[in-house]
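Undergrad: Structure incoming, see below.
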Amino acid sequence: MTRKQRRSVLIGTCLAVLGLAVALVLFSLEDSIVFFYSPSDVVEKNIKPGQRFRLGGLVEEGSVKRGESATVQFSVTDTAKTIPVRYTGVLPDLFGEGQGVITEGTLGSDGLFIAESVLAKHDENYMPPEVAEALERQGVRRGGDSADKPN
């Protein structure tokens, strides 16, 4: 084998190993990647039941219903679409109707989102950026603080 051929084999082998490493990393991360969707996105993209994702929006007014043994049902809305959510566990202190919320879990075949975790905004001015963007796309502005107003 000539020097040029050996170099080509070495470069080809390195590229193959690098490609294999990238494929293994992407394959291993496939289950841990969680996408964020607003209720309208869930309806438009036809999310399959059982797929894990984050659902964000506002807790719909009048939708919070507390059940037995720390089970809570409520609806998440972006004012265009609404998705019912069921969560069993302790809700964050700042959880409430009309507040921004992100839930993580899976969509049932009946359209009910089964949440495994619920995150609420941390003060009266904050809203997760993904939720704020989704609400702005729907034409809803939240908050009246100076951060939302141009100087």
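Residues are referred to by chain and number: the chain letter is A, B, ... according to the order shown in the structure tokens, the number counts from 1 in that chain, and ligands are numbered separately from 1 in the order shown.
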Mind checking which residues fall within 12 Å of Thr82 of chain A, counting only C-alpha atoms, ignoring those fewer than 3 positions away in the same chain, and posting them as number ranges by chain?
TA: A: 38-43, 55-61, 63, 74-79, 85, 111-113
Undergrad: Among chain A, which residues carry a DSSP assignment of strand (DSSP E), reported as a PyMOL selection string?
TA: chain A and resi 35-37+52-59+65-66+71-77+82-88+100-107+113-120
Undergrad: Measuring atom to atom with only C-alpha atoms, identify which of A:Val118, A:Ala80, A:Val9, A:Val17 is nearest to Pro92 of chain A.
TA: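 Ranking A:Val118, A:Ala80, A:Val9, A:Val17 by distance to Pro92 of chain A, first place goes to A:Val118.
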Undergrad: Of the candidates A:Ala134, A:Met1, A:Leu15, A:Val101, which shows the shortest atom-to-atom distance to Lys81 of chain A, using only C-alpha atoms?
TA: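 Ranked by minimum distance to Lys81 of chain A, first place goes to A:Ala134.
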Undergrad: Among the residues of segment 6-99 of chain A, find those DSSP assigns to alpha helix (DSSP H) from the backbone and print them as a PyMOL selection string.
TA: chain A and resi 6-29+39-44
Undergrad: Contacts of Gly108 of chain A at 9 Å or less, counting only C-alpha atoms, minus same-chain residues fewer than 2 places along, as a list in words?
TA: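 With the cut-off at 9 Å, the set is Lys48, Pro49, Gly50, Gln51, Thr106, Asp110, Gly111, Leu112, Phe113 and Ile114 of chain A.
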Undergrad: So how many Å separate atom CA of Arg86 of chain A and atom CA of Glu133 of chain A, to one decimal?
TA: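 Interatomic distance, atom CA of Arg86 of chain A to atom CA of Glu133 of chain A: 24.2 Å.
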Undergrad: What is the atom CA of Gly19 of chain A-atom CA of Arg7 of chain A distance in Å, reported with one decimal?
TA: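 Computed distance, atom CA of Gly19 of chain A to atom CA of Arg7 of chain A, equals 18.2 Å.
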Undergrad: Would you pick out the contacts of Ala70 of chain A at 9 Å or less, using only C-alpha atoms, so that residues sharing its chain but fewer than 5 positions from it are not included, and give the list as a PyMOL selection string?
TA: chain A and resi 87-91
Undergrad: With N, CA and C atoms retained, export the selected residues as an mmCIF file, in the first residue's frame.
TA:
```cif
data_model
loop_
_atom_site.group_PDB
_atom_site.id
_atom_site.type_symbol
_atom_site.label_atom_id
_atom_site.label_comp_id
_atom_site.auth_asym_id
_atom_site.auth_seq_id
_atom_site.Cartn_x
_atom_site.Cartn_y
_atom_site.Cartn_z
ATOM 1 N N TYR A 87 -53.142 15.772 37.134
ATOM 2 C CA TYR A 87 -51.867 15.693 37.847
ATOM 3 C C TYR A 87 -52.121 15.158 39.244
ATOM 4 N N THR A 88 -51.296 14.232 39.667
ATOM 5 C CA THR A 88 -51.375 13.718 41.026
ATOM 6 C C THR A 88 -50.073 14.082 41.721
ATOM 7 N N GLY A 89 -50.203 14.883 42.768
ATOM 8 C CA GLY A 89 -49.034 15.323 43.512
ATOM 9 C C GLY A 89 -49.281 16.693 44.099
ATOM 10 N N VAL A 90 -48.211 17.244 44.663
ATOM 11 C CA VAL A 90 -48.305 18.562 45.279
ATOM 12 C C VAL A 90 -48.028 19.620 44.217
ATOM 13 N N LEU A 91 -48.947 20.544 44.073
ATOM 14 C CA LEU A 91 -48.775 21.630 43.099
ATOM 15 C C LEU A 91 -47.860 22.706 43.681
#
```
Undergrad: Please, what distance in Å, to one decimal, runs between atom CA of Val131 of chain A and atom CA of Gly67 of chain A?
TA: 26.8 Å
